[in-house]
Amino acid sequence: MAEKVKEYFKLPGRGLKRGSILLVLGIRARLWRGKDHVLSVLNYRFTEEYKRFYFNDIQAITIFKTRRSMIWNTFFLLIAILFVLLAMKFDEGWPVFFGILAAIFIISLAVNLLLGPTCITHIHTAVSKEELPSLGRLKTAIKTVKMLKPFIERTQGKLNPHDIPEKLKEKMKTVRERASSPAKMATSKYNGKVHAALFYMLLIDCCLTVLNLFYTNVGLSLIYALFFLATSALLITALIKQHESALSNSLKNTSWVTLAYFVVFYVLSYIFFIIFVTFKRPELMNNQWESFKYAASLSPFDNPFLMGLQIFSLVFSFLLGTAGLIQLRSLTRINTVTSGPPASASPNSSYATEENE
Amino acid sequence: MVNCGKCGASLPAHLLNSQETQNCPACNKEIRTFVFPALFNSEMEGNSGEKIVIDSEAGCFYHPGKKAVLPCEECGRFLCSLCDVELNGKHVCPPCIESGKKKGKIKNLQNHRTLYDDIALSLAILPLLIWPFTLITAPLSLFFSIRYWKAPTSIIPRTKIRLVLAGLFSSLQIVGWILIFSNVIPDVF
């Protein structure tokens, strides 16, 4: 009887697909080596999904270190310390209980330390860039790639390290030529100026809210209201501008969260106006200016609802303004690094060519 | 181009195939990159197929105006270079690939499989936590282990141990239920 030929060989590393930990038991991932390809298997418990990366098509494998392991270590350590302290505090059987719990977290910490730093691994082909969830530990990822390297090189040939800068330069030239054709420019050239203005205005809004807390003045309230309206207009412009722009998703999401905050703030302000102005002073209902003057005269220190509203506004404006500006700063930093000097920079030029040239 | 997995910035040449992890110039993340010759290959242009010049030349079955270059190794239809797809060393036409994929004949194109053995084993074991459910799940598990005994399971190497265990556990549960009923029913009547 003919012996059955083994078709796939298990590669080191196993892991869960990112984000799937929230699902029951998660989506398990493993890598297998076939005759001419790498097979990425995602196990959904009762079904499996396969992705094949042919040795001939693999252009690169990138591994970048993450801080996930460090975060888990800190978490395990803190919980273990907490249980040790609890064990010391209580008596009559509780020290044993808390001691066992502390031991579980100390063992988890030790295991995590032994497994080493975490990473995210991507496999690049001409048309795709896929994450390999099974290669989530730096040691395993490097070991696996080193195991795969001979098979890929057997198919594609070896790459001389000295040729890389020259070949990269040529490739960049082709990419730039192709990208410069106007038909292929899918994204708008919006650089985030409106977003910057919006986030600065949110921080100014913070200052105005603080002033409004301590000074009840009609003029100040009027400036505050007009400023908030202007910020709302700016927010709408920012949301329109970010559509199909190259801004990061997190920055786009910050703008959407700002919209949600504005909507909640408008609704709460309206409720405040109805409860404290319309119901308490119905005679002012038909006179908008007098109603506004009355609302402006209310001090947050005398009105808990107004105080809550002001603190809500202060916290959200500060958080969103700061987060937005930090994201914009990192985006500008990335753009500065990835595009060349301003005079010669094309939107697609890269640091790589700068380095080589 | 090879981009940083974190920030998406193009990586400079000195970071490619380095012996140690290096820092990305844009986001400062520690990164290690392995590149292969395919990265620098020029992209191949698609073949559109030659037009028929002489009347006596054979035409493609799907594009009658284009010159046939070879027959499909599955259905024998003449194909132009546009319709010719090389798969597992065979030249086939797109409809044969499609039907092969549907019928599960071409293993290389399968990207999804149902694990009936896992379903059977889960049906045999998990309901034990709320054991009255086994009255329904045990026969179901037995059905799955018999019905899908020969059905293809995972592409990666796997034994039939799950199906065997599922059959064993579910049979034991069924026997248990038979014993319960055989004791209870005479008492009732």
# chains A, B, ... in the order shown; residues from 1 in each chain; ligands from 1
>>> residues_around(residues="stretch 31-40 of chain B", least_positions_apart="5", cutoff="6 Å", atoms="only C-alpha atoms", output="PDB file with N, CA, C and O atoms, in the first residue's frame")
ATOM      1  N   GLN A  59       6.424  38.831  -0.799  1.00  0.00           N
ATOM      2  CA  GLN A  59       7.399  39.892  -1.035  1.00  0.00           C
ATOM      3  C   GLN A  59       8.187  40.217   0.231  1.00  0.00           C
ATOM      4  O   GLN A  59       9.374  40.504   0.167  1.00  0.00           O
ATOM      5  N   ALA A  60       7.478  40.207   1.349  1.00  0.00           N
ATOM      6  CA  ALA A  60       8.156  40.557   2.607  1.00  0.00           C
ATOM      7  C   ALA A  60       7.362  40.051   3.794  1.00  0.00           C
ATOM      8  O   ALA A  60       6.162  39.799   3.683  1.00  0.00           O
ATOM      9  N   ILE A  61       8.057  39.918   4.906  1.00  0.00           N
ATOM     10  CA  ILE A  61       7.382  39.609   6.180  1.00  0.00           C
ATOM     11  C   ILE A  61       7.902  40.629   7.189  1.00  0.00           C
ATOM     12  O   ILE A  61       9.123  40.788   7.342  1.00  0.00           O
ATOM     13  N   THR A  62       6.983  41.368   7.786  1.00  0.00           N
ATOM     14  CA  THR A  62       7.410  42.385   8.758  1.00  0.00           C
ATOM     15  C   THR A  62       6.914  42.002  10.146  1.00  0.00           C
ATOM     16  O   THR A  62       5.798  41.512  10.301  1.00  0.00           O
ATOM     17  N   ILE A  63       7.762  42.252  11.102  1.00  0.00           N
ATOM     18  CA  ILE A  63       7.415  41.943  12.503  1.00  0.00           C
ATOM     19  C   ILE A  63       7.660  43.211  13.307  1.00  0.00           C
ATOM     20  O   ILE A  63       8.769  43.756  13.247  1.00  0.00           O
ATOM     21  N   PHE A  64       6.660  43.728  13.964  1.00  0.00           N
ATOM     22  CA  PHE A  64       6.958  44.863  14.852  1.00  0.00           C
ATOM     23  C   PHE A  64       6.531  44.576  16.276  1.00  0.00           C
ATOM     24  O   PHE A  64       5.496  43.982  16.526  1.00  0.00           O
ATOM     25  N   LEU A 159      18.359  36.967  -2.285  1.00  0.00           N
ATOM     26  CA  LEU A 159      18.481  38.416  -2.488  1.00  0.00           C
ATOM     27  C   LEU A 159      19.815  38.854  -1.893  1.00  0.00           C
ATOM     28  O   LEU A 159      20.069  38.633  -0.709  1.00  0.00           O
TER      29      LEU A 159
ATOM     30  N   LEU B  16      15.692  46.855   5.855  1.00  0.00           N
ATOM     31  CA  LEU B  16      15.271  45.616   5.194  1.00  0.00           C
ATOM     32  C   LEU B  16      16.334  44.530   5.363  1.00  0.00           C
ATOM     33  O   LEU B  16      17.516  44.779   5.153  1.00  0.00           O
ATOM     34  N   ASN B  17      15.904  43.364   5.753  1.00  0.00           N
ATOM     35  CA  ASN B  17      16.781  42.198   5.987  1.00  0.00           C
ATOM     36  C   ASN B  17      17.898  42.474   6.984  1.00  0.00           C
ATOM     37  O   ASN B  17      18.996  41.919   6.847  1.00  0.00           O
ATOM     38  N   THR B  21      16.380  43.739  15.354  1.00  0.00           N
ATOM     39  CA  THR B  21      15.230  44.648  15.224  1.00  0.00           C
ATOM     40  C   THR B  21      15.762  46.082  15.209  1.00  0.00           C
ATOM     41  O   THR B  21      16.718  46.409  15.899  1.00  0.00           O
ATOM     42  N   GLN B  22      15.114  46.919  14.383  1.00  0.00           N
ATOM     43  CA  GLN B  22      15.526  48.324  14.244  1.00  0.00           C
ATOM     44  C   GLN B  22      14.305  49.198  14.532  1.00  0.00           C
ATOM     45  O   GLN B  22      13.187  48.707  14.542  1.00  0.00           O
ATOM     46  N   ASN B  23      14.542  50.491  14.697  1.00  0.00           N
ATOM     47  CA  ASN B  23      13.413  51.380  14.974  1.00  0.00           C
ATOM     48  C   ASN B  23      12.895  52.019  13.704  1.00  0.00           C
ATOM     49  O   ASN B  23      13.690  52.474  12.869  1.00  0.00           O
TER      50      ASN B  23
END
>>> select_by_dssp(residues="chain B", states="strand (DSSP E)", output="list of chain:residue names")
B:Gln22, B:Asn23, B:Glu30, B:Ile31, B:Arg32, B:Thr33, B:Phe34, B:Val35, B:Leu70, B:Pro71, B:Phe78, B:Leu79, B:Val85, B:Glu86, B:Leu87, B:Lys90, B:His91, B:Val92, B:His112, B:Arg113, B:Thr114
>>> residues_around(residues="stretch 143-152 of chain B", least_positions_apart="2", cutoff="7 Å", atoms="only C-alpha atoms", output="list in words")
Tyr116, Asp117, Ala120, Pro139, Leu140, Ser141, Ser154, Leu163, Ala166 and Gly167 of chain B
>>> atom_distance(atom1="atom CA of A:Gly321", atom2="atom CA of B:Ala9")
25.4 Å
>>> residues_around(residues="stretch 79-85 of chain A", least_positions_apart="4", cutoff="6 Å", atoms="only C-alpha atoms", output="list of chain:residue names")
A:Phe98, A:Ala102, A:Phe105
>>> write_last_selection(atoms="all heavy atoms", output="PDB file, in the first residue's frame")
ATOM      1  N   PHE A  98      -6.733  33.934  49.218  1.00  0.00           N
ATOM      2  CA  PHE A  98      -6.083  35.026  48.481  1.00  0.00           C
ATOM      3  C   PHE A  98      -4.682  34.623  48.030  1.00  0.00           C
ATOM      4  O   PHE A  98      -4.220  35.066  46.974  1.00  0.00           O
ATOM      5  CB  PHE A  98      -6.041  36.294  49.330  1.00  0.00           C
ATOM      6  CG  PHE A  98      -7.388  36.951  49.469  1.00  0.00           C
ATOM      7  CD1 PHE A  98      -7.945  37.193  50.721  1.00  0.00           C
ATOM      8  CD2 PHE A  98      -8.123  37.323  48.349  1.00  0.00           C
ATOM      9  CE1 PHE A  98      -9.191  37.787  50.855  1.00  0.00           C
ATOM     10  CE2 PHE A  98      -9.377  37.915  48.477  1.00  0.00           C
ATOM     11  CZ  PHE A  98      -9.909  38.146  49.727  1.00  0.00           C
ATOM     12  N   ALA A 102      -3.292  34.855  44.337  1.00  0.00           N
ATOM     13  CA  ALA A 102      -2.032  35.570  44.048  1.00  0.00           C
ATOM     14  C   ALA A 102      -1.078  34.655  43.292  1.00  0.00           C
ATOM     15  O   ALA A 102      -0.440  35.083  42.319  1.00  0.00           O
ATOM     16  CB  ALA A 102      -1.407  36.047  45.355  1.00  0.00           C
ATOM     17  N   PHE A 105      -1.853  34.415  39.587  1.00  0.00           N
ATOM     18  CA  PHE A 105      -1.401  35.575  38.809  1.00  0.00           C
ATOM     19  C   PHE A 105       0.123  35.638  38.714  1.00  0.00           C
ATOM     20  O   PHE A 105       0.651  36.079  37.697  1.00  0.00           O
ATOM     21  CB  PHE A 105      -1.981  36.866  39.402  1.00  0.00           C
ATOM     22  CG  PHE A 105      -3.424  37.040  39.033  1.00  0.00           C
ATOM     23  CD1 PHE A 105      -4.437  36.641  39.884  1.00  0.00           C
ATOM     24  CD2 PHE A 105      -3.775  37.570  37.797  1.00  0.00           C
ATOM     25  CE1 PHE A 105      -5.771  36.773  39.536  1.00  0.00           C
ATOM     26  CE2 PHE A 105      -5.095  37.698  37.437  1.00  0.00           C
ATOM     27  CZ  PHE A 105      -6.101  37.305  38.299  1.00  0.00           C
TER      28      PHE A 105
END
>>> closest_residue(among="B:Glu86, B:Asn108, B:Asp118, B:Tyr62", to="A:Asp36", atoms="only C-alpha atoms")
B:Asn108
>>> closest_residue(among="B:Val2, B:Ile106, B:Val85, B:Ile156", to="A:Tyr50", atoms="only C-alpha atoms")
B:Ile156
>>> interface_residues(of="chain A", to="chain B", cutoff="8 Å", atoms="only C-alpha atoms", output="short mmCIF file (atom, residue, chain, number, x, y, z; two decimals) with N, CA, C and O atoms, in the first residue's frame")
data_model
loop_
_atom_site.label_atom_id
_atom_site.label_comp_id
_atom_site.auth_asym_id
_atom_site.auth_seq_id
_atom_site.Cartn_x
_atom_site.Cartn_y
_atom_site.Cartn_z
N LYS A 6 2.67 13.37 3.51
CA LYS A 6 2.21 14.44 4.40
C LYS A 6 2.18 15.74 3.60
O LYS A 6 3.19 16.14 2.99
N GLU A 7 1.01 16.36 3.58
CA GLU A 7 0.84 17.53 2.74
C GLU A 7 1.21 18.84 3.44
O GLU A 7 1.73 19.77 2.83
N TYR A 8 0.89 18.91 4.73
CA TYR A 8 1.18 20.13 5.49
C TYR A 8 2.00 19.85 6.73
O TYR A 8 1.81 18.82 7.37
N TRP A 32 0.67 26.68 8.72
CA TRP A 32 1.15 25.40 8.22
C TRP A 32 1.95 25.65 6.94
O TRP A 32 1.66 26.58 6.19
N ARG A 45 -14.03 27.37 15.67
CA ARG A 45 -14.59 26.28 16.47
C ARG A 45 -15.26 25.20 15.63
O ARG A 45 -14.86 24.08 15.67
N PHE A 46 -16.25 25.56 14.81
CA PHE A 46 -16.92 24.53 14.01
C PHE A 46 -16.64 24.67 12.51
O PHE A 46 -17.09 23.87 11.71
N THR A 47 -15.94 25.72 12.16
CA THR A 47 -15.53 25.89 10.75
C THR A 47 -14.08 26.38 10.73
O THR A 47 -13.59 26.88 11.75
N GLU A 48 -13.47 26.24 9.58
CA GLU A 48 -12.11 26.74 9.42
C GLU A 48 -12.02 27.59 8.16
O GLU A 48 -12.69 27.30 7.17
N GLU A 49 -11.21 28.62 8.24
CA GLU A 49 -10.99 29.46 7.07
C GLU A 49 -9.52 29.40 6.70
O GLU A 49 -8.66 29.40 7.59
N TYR A 50 -9.23 29.34 5.40
CA TYR A 50 -7.85 29.18 4.97
C TYR A 50 -7.42 30.34 4.08
O TYR A 50 -8.20 30.84 3.28
N LYS A 51 -6.17 30.74 4.28
CA LYS A 51 -5.56 31.71 3.37
C LYS A 51 -4.22 31.14 2.95
O LYS A 51 -3.44 30.69 3.80
N ASN A 56 6.11 31.90 -4.04
CA ASN A 56 6.49 32.72 -5.18
C ASN A 56 5.97 34.16 -5.06
O ASN A 56 6.54 35.08 -5.65
N ASP A 57 4.91 34.34 -4.29
CA ASP A 57 4.27 35.66 -4.20
C ASP A 57 4.69 36.48 -2.98
O ASP A 57 4.40 37.66 -2.91
N ILE A 58 5.33 35.81 -2.02
CA ILE A 58 5.65 36.53 -0.77
C ILE A 58 6.75 37.56 -1.03
O ILE A 58 7.85 37.21 -1.46
N GLN A 59 6.42 38.83 -0.80
CA GLN A 59 7.40 39.89 -1.04
C GLN A 59 8.19 40.22 0.23
O GLN A 59 9.37 40.50 0.17
N ALA A 60 7.48 40.21 1.35
CA ALA A 60 8.16 40.56 2.61
C ALA A 60 7.36 40.05 3.79
O ALA A 60 6.16 39.80 3.68
N ILE A 61 8.06 39.92 4.91
CA ILE A 61 7.38 39.61 6.18
C ILE A 61 7.90 40.63 7.19
O ILE A 61 9.12 40.79 7.34
N THR A 62 6.98 41.37 7.79
CA THR A 62 7.41 42.38 8.76
C THR A 62 6.91 42.00 10.15
O THR A 62 5.80 41.51 10.30
N ILE A 63 7.76 42.25 11.10
CA ILE A 63 7.41 41.94 12.50
C ILE A 63 7.66 43.21 13.31
O ILE A 63 8.77 43.76 13.25
N PHE A 64 6.66 43.73 13.96
CA PHE A 64 6.96 44.86 14.85
C PHE A 64 6.53 44.58 16.28
O PHE A 64 5.50 43.98 16.53
N LYS A 65 7.41 45.00 17.16
CA LYS A 65 7.24 44.70 18.59
C LYS A 65 6.11 45.55 19.17
O LYS A 65 6.00 46.73 18.84
N THR A 66 5.30 44.93 20.03
CA THR A 66 4.22 45.69 20.68
C THR A 66 4.44 45.68 22.19
O THR A 66 5.28 44.95 22.70
N ILE A 120 3.42 41.99 16.25
CA ILE A 120 2.41 41.77 15.21
C ILE A 120 3.17 41.48 13.92
O ILE A 120 4.09 42.22 13.55
N THR A 121 2.80 40.40 13.27
CA THR A 121 3.51 39.98 12.05
C THR A 121 2.59 40.15 10.84
O THR A 121 1.43 39.77 10.89
N HIS A 122 3.15 40.73 9.80
CA HIS A 122 2.40 40.88 8.54
C HIS A 122 3.14 40.18 7.42
O HIS A 122 4.36 40.19 7.38
N HIS A 124 3.48 40.25 3.31
CA HIS A 124 3.17 41.16 2.20
C HIS A 124 3.27 40.41 0.87
O HIS A 124 4.25 39.72 0.64
N THR A 125 2.26 40.58 0.04
CA THR A 125 2.35 40.12 -1.35
C THR A 125 2.08 41.34 -2.24
O THR A 125 1.84 42.43 -1.71
N ALA A 126 2.12 41.14 -3.55
CA ALA A 126 1.94 42.29 -4.44
C ALA A 126 0.57 42.93 -4.26
O ALA A 126 0.39 44.12 -4.49
N ILE A 152 11.13 29.91 0.65
CA ILE A 152 10.83 31.06 -0.21
C ILE A 152 12.01 31.33 -1.13
O ILE A 152 11.84 31.57 -2.33
N GLU A 153 13.21 31.24 -0.58
CA GLU A 153 14.41 31.50 -1.40
C GLU A 153 14.63 30.41 -2.44
O GLU A 153 15.16 30.69 -3.52
N GLN A 156 12.15 31.70 -5.10
CA GLN A 156 12.39 33.02 -5.69
C GLN A 156 13.87 33.30 -5.98
O GLN A 156 14.18 34.23 -6.72
N GLY A 157 14.74 32.57 -5.33
CA GLY A 157 16.16 32.87 -5.43
C GLY A 157 16.58 33.74 -4.25
O GLY A 157 15.75 34.26 -3.53
N LYS A 158 17.89 33.90 -4.09
CA LYS A 158 18.39 34.66 -2.93
C LYS A 158 18.53 36.13 -3.29
O LYS A 158 18.79 36.48 -4.44
N LEU A 159 18.36 36.97 -2.28
CA LEU A 159 18.48 38.42 -2.49
C LEU A 159 19.81 38.85 -1.89
O LEU A 159 20.07 38.63 -0.71
N PRO A 161 22.13 41.25 -0.18
CA PRO A 161 21.87 42.43 0.66
C PRO A 161 22.41 43.73 0.08
O PRO A 161 21.85 44.80 0.29
N ILE A 164 19.98 45.55 -2.37
CA ILE A 164 18.69 46.06 -1.89
C ILE A 164 18.53 47.59 -2.11
O ILE A 164 17.54 48.02 -2.70
N PRO A 165 19.51 48.43 -1.68
CA PRO A 165 19.31 49.89 -1.86
C PRO A 165 19.06 50.27 -3.32
O PRO A 165 18.16 51.05 -3.62
N LYS A 167 17.95 48.33 -5.83
CA LYS A 167 16.68 47.80 -6.32
C LYS A 167 15.51 48.58 -5.74
O LYS A 167 14.51 48.83 -6.43
N LEU A 168 15.65 49.00 -4.49
CA LEU A 168 14.60 49.76 -3.83
C LEU A 168 14.44 51.12 -4.51
O LEU A 168 13.32 51.61 -4.71
N LYS A 171 12.60 50.62 -7.71
CA LYS A 171 11.19 50.33 -7.43
C LYS A 171 10.45 51.61 -7.06
O LYS A 171 9.32 51.86 -7.51
N MET A 172 11.09 52.43 -6.24
CA MET A 172 10.48 53.69 -5.81
C MET A 172 10.20 54.58 -7.01
O MET A 172 9.18 55.26 -7.06
N ARG A 333 4.07 64.20 11.83
CA ARG A 333 5.40 63.63 12.00
C ARG A 333 5.65 62.53 10.96
O ARG A 333 6.68 62.49 10.32
N ILE A 334 4.63 61.67 10.80
CA ILE A 334 4.76 60.58 9.84
C ILE A 334 4.90 61.15 8.42
O ILE A 334 5.75 60.75 7.65
N VAL A 337 8.31 62.51 7.80
CA VAL A 337 9.32 61.47 7.60
C VAL A 337 9.13 60.76 6.27
O VAL A 337 10.09 60.51 5.55
N THR A 338 7.87 60.48 5.91
CA THR A 338 7.65 59.69 4.69
C THR A 338 7.77 60.51 3.42
O THR A 338 8.08 59.97 2.38
N SER A 350 9.25 58.80 -0.65
CA SER A 350 9.42 58.14 0.64
C SER A 350 10.77 58.39 1.26
O SER A 350 11.70 58.83 0.62
N TYR A 351 10.82 58.06 2.51
CA TYR A 351 12.04 58.20 3.28
C TYR A 351 13.13 57.32 2.68
O TYR A 351 14.28 57.65 2.68
N ALA A 352 12.67 56.17 2.15
CA ALA A 352 13.62 55.21 1.60
C ALA A 352 14.48 55.83 0.52
O ALA A 352 15.68 55.66 0.49
N THR A 353 13.86 56.59 -0.37
CA THR A 353 14.63 57.18 -1.47
C THR A 353 15.55 58.25 -0.93
O THR A 353 16.67 58.40 -1.36
N GLU A 355 16.97 58.26 1.87
CA GLU A 355 18.09 57.56 2.48
C GLU A 355 19.09 57.13 1.42
O GLU A 355 20.28 57.33 1.56
N ASN A 356 18.54 56.60 0.33
CA ASN A 356 19.41 56.04 -0.71
C ASN A 356 20.09 57.12 -1.52
O ASN A 356 21.23 56.99 -1.92
#
>>> closest_residue(among="B:Leu70, B:Ile54, B:Cys60, B:Ala124", to="B:Leu168", atoms="only C-alpha atoms")
B:Ala124
>>> residues_around(residues="B:Ile125", least_positions_apart="2", cutoff="9 Å", atoms="only C-alpha atoms", output="number ranges by chain")
B: 120-123, 127-129, 134, 138, 166, 169-170
>>> write_last_selection(atoms="C-alpha atoms", output="tab-separated table (two decimals), in the first residue's frame")
chain	number	residue	atom	x	y	z
B	120	ALA	CA	-20.31	15.95	16.85
B	121	LEU	CA	-17.86	15.98	19.77
B	122	SER	CA	-19.25	19.27	21.15
B	123	LEU	CA	-22.77	17.88	20.92
B	127	PRO	CA	-24.55	19.38	27.01
B	128	LEU	CA	-23.32	17.25	29.92
B	129	LEU	CA	-23.19	20.53	31.86
B	134	THR	CA	-28.39	15.08	26.25
B	138	ALA	CA	-26.81	12.49	22.13
B	166	ALA	CA	-18.33	11.56	19.83
B	169	PHE	CA	-19.91	9.30	24.36
B	170	SER	CA	-23.23	9.75	22.58
>>> closest_residue(among="A:Lys169, A:His37, A:Thr118, A:Thr254", to="A:Gly13", atoms="only C-alpha atoms")
A:Thr118
>>> residues_around(residues="stretch 90-95 of chain B", least_positions_apart="5", cutoff="10 Å", atoms="only C-alpha atoms", output="PyMOL selection string")
chain B and resi 61-62+70-80+82-85+100-101
